[in-house]
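Heads up: the structure comes next, in structure tokens.
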Amino acid sequence: MEEENNPFQAIPLKESIIAPMRLIVPSPAKVNLALWIKGKRPDGYHELITVMHTINLCDTLFFQPSDRFELSIEGSESLPLNRSNLIVKAAQLFKEVTGIKPEVKVKLEKVIPIGAGLGGGSSNAAATLKGLNVIYGNPLSESELVQVASQLGSDVPFFIRGGLAVAYGRGEKLKHYSPASFKLLLVYPGFPCPTKEVYENLPPIERDITIEEAERRIISPLVAGRLREVEEAMENDLEKSKAECVSKVNEVKEVVRACGLKPMMSGSGSSVFALITDQNYDLTPLKSRQWWYKLLNAI
């Protein structure tokens, strides 16, 4: 199924709105199994094709009734609580689109590292839209949620459904597939990679690649469980950025490579991941570092 980012039309408010309820919504991270840059667009954005999959590293959003919209965050002191937060932006957009004023208290339990190329903020925004939609009687269909999500950021539409997808355009257009099953090592070295900085320091790249080729290189072998074939095809053009943080990411990759694994930067970094294709790896080189790392699964 393919979701297009069409201009959003106002959706009439449904007559039946249920009272606010308590709700818990998981907000998973993602990794980019490939990211190819096709060139720079006239609007300043980069045209790309990327393959994404959600993983079982999750933030959690807790919703409960209130007399107004409130946000609190546990697990991070750096995230703002004002209108610059994507959760607040998502709630405001939900109100504008549906006419429903969210009267809920939202608590975010933050686990996903910030500035790590894992899509945590985008996932939080999508989880907010999905949570509010359930609480207020599903006034928006899934395709309508995707259209609303596209106004919040390029990665947000992907997290409405999650799983496995090819994203193209700026990353906001999607083609979904049945989720795959695989294990991975994820390493976060403790420093962020600002997306803007990574793209601003990217040399000119013009890849001639299609969605069909992404399916052939990554999707088909991944779904079939041919992980070594996927390993060989995995590429991230953002690793070519001359940004200082990306050069530090390359040092992290060398340590992961010393573990007997094939590492790649996820998204714009700074996290690095590697597929677990067999048991012939040794994490000893990682254990001497002060880095955060986990063995995880695709979901």
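Chain labels run A, B, ... following the order of the structure tokens; each chain numbers its residues from 1, and ligands are numbered from 1 in the order shown.
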Give me the residues within 9 Å of A:Ser154 as a list in words, counting only C-alpha atoms and dropping any in the same chain fewer than 6 places off.
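Listing them by chain and then by number gives Ser122, Arg170, Gly171, Glu172 and Lys173 of chain A.
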The selected residues should be written to file as a JSON list (two decimals), in the first residue's frame (atoms: C-alpha atoms).
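Just written: out11.json:
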[["chain", "number", "residue", "atom", "x", "y", "z"],
["A", 122, "SER", "CA", 8.89, 11.95, 14.94],
["A", 170, "ARG", "CA", 11.65, 14.09, 1.08],
["A", 171, "GLY", "CA", 10.92, 10.90, 3.01],
["A", 172, "GLU", "CA", 7.24, 11.69, 3.51],
["A", 173, "LYS", "CA", 5.89, 9.38, 0.78]]
Residues near A:Gly190, cut-off 12 Å, only C-alpha atoms, skip fewer than 4 positions along chain, as a short mmCIF file (atom, residue, chain, number, x, y, z; two decimals) with C-alpha atoms, in the first residue's frame:
data_model
loop_
_atom_site.label_atom_id
_atom_site.label_comp_id
_atom_site.auth_asym_id
_atom_site.auth_seq_id
_atom_site.Cartn_x
_atom_site.Cartn_y
_atom_site.Cartn_z
CA ILE A 112 15.20 6.65 22.69
CA PRO A 113 18.42 8.72 22.55
CA ILE A 114 17.99 12.24 21.17
CA GLY A 115 19.79 13.31 17.99
CA ALA A 116 20.68 9.71 17.20
CA CYS A 245 29.89 14.48 14.15
CA LYS A 248 33.21 10.76 14.97
CA VAL A 249 30.53 8.24 13.92
CA VAL A 252 32.38 4.26 16.32
CA GLY A 269 23.36 9.64 13.00
CA SER A 270 24.81 9.45 15.50
CA SER A 271 23.66 5.91 16.26
CA VAL A 272 25.29 2.95 14.54
CA ARG A 289 33.84 2.20 25.86
CA GLN A 290 31.43 4.45 27.72
CA TRP A 291 28.82 3.99 24.98
CA TRP A 292 25.20 2.89 25.25
CA TYR A 293 24.46 -0.30 23.29
#
If DSSP is run on the backbone, what residues of stretch 156-251 of chain A are strand (DSSP E)? A reply as number ranges by chain would be ideal.
A: 164-169, 173-177, 183-188
Would you mind telling me which residue in A:Gly75, A:Pro179, A:Pro189, A:Gly225 lies nearest to A:Met265 when using only C-alpha atoms?
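For A:Met265, the nearest of the given residues is A:Pro189.
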What does the distance between atom CA of A:Leu33 and atom CA of A:Met234 come to in Å, to one decimal place?
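Answer for the atom CA of A:Leu33 to atom CA of A:Met234 separation: 5.9 Å.
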Distance table requested - stretch 159-179 of chain A against stretch 52-61 of chain A, cut-off 9 Å, only C-alpha atoms: one row per qualifying residue with the closest atom pair and its distance in Å to one decimal, ordered by chain and rising residue number, as a Markdown table.
| residue | atom | partner | partner_atom | distance |
| --- | --- | --- | --- | --- |
| A:Phe159 | CA | A:Thr54 | CA | 8.2 |
| A:Gly162 | CA | A:Thr54 | CA | 5.8 |
| A:Gly163 | CA | A:Thr54 | CA | 5.2 |
| A:Leu164 | CA | A:His53 | CA | 4.5 |
| A:Ala165 | CA | A:Met52 | CA | 5.5 |
| A:Val166 | CA | A:Met52 | CA | 6.4 |
| A:Ala167 | CA | A:Met52 | CA | 7.5 |
| A:Pro179 | CA | A:His53 | CA | 7.6 |
Provide the atom CA of A:Thr195 to atom CA of A:Leu238 distance in Å, to one decimal place.
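Between atom CA of A:Thr195 and atom CA of A:Leu238 the gap is 9.7 Å.
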Mind listing the helix (DSSP H, G or I) residues of stretch 30-251 of chain A, per DSSP on the backbone, as a PyMOL selection string?
chain A and resi 86-98+120-135+142-149+156-161+195-200+211-224+227-233+237-240+244-251
Just checking: using only C-alpha atoms, which residue out of A:Glu77, A:Asp282, A:Asp155, A:Asp237 ends up closest to A:Glu206?
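That would be A:Asp237, the residue with the smallest distance to A:Glu206.
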Which distance in Å separates atom CA of A:Val256 and atom CA of A:Tyr188, to one decimal?
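According to the coordinates, atom CA of A:Val256 and atom CA of A:Tyr188 are separated by 11.3 Å.
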Proximity to A:Tyr199 - best of A:Val246, A:Leu129, A:Val134, A:Met264, only C-alpha atoms:
A:Val246
For A:Ile49, which residue out of A:Pro157, A:Gly267, A:Gly120, A:Pro102 is the nearest one, using only C-alpha atoms?
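Distance minimum relative to A:Ile49 lands on A:Gly267.
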Proximity to A:Val223 - best of A:Leu275, A:Leu185, A:Ala180, A:Leu261, only C-alpha atoms
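Selected residue with least distance to A:Val223: A:Ala180.
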Taking only C-alpha atoms into account, which of A:Ser27, A:Ser247, A:Ser266, A:Asn236 comes nearest A:Lys130?
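So, comparing all the options, the nearest one is A:Ser27.
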Shell around A:Leu283 at 6 Å using only C-alpha atoms, local window under 2 positions removed, as a PDB file with C-alpha atoms, in the first residue's frame:
ATOM      1  CA  CYS A 259      33.391  -6.896  17.050  1.00  0.00           C
ATOM      2  CA  PRO A 285      35.744  -4.018  22.033  1.00  0.00           C
ATOM      3  CA  LEU A 286      32.512  -2.198  22.949  1.00  0.00           C
TER       4      LEU A 286
END
Please provide as an MDAnalysis selection string all residues within 12 Å of A:Gln92, with the sequence filter that same-chain residues fewer than 6 positions apart are discarded (counting only C-alpha atoms).
chainID A and resid 69:70 82:86 98:103 125 128:129 132 148:149 151:152
I'd like the contact shell of A:Leu23 - 8 Å cut-off, only C-alpha atoms, skipping same-chain residues fewer than 5 positions apart - returned as a PyMOL selection string.
chain A and resi 62-64+131+135
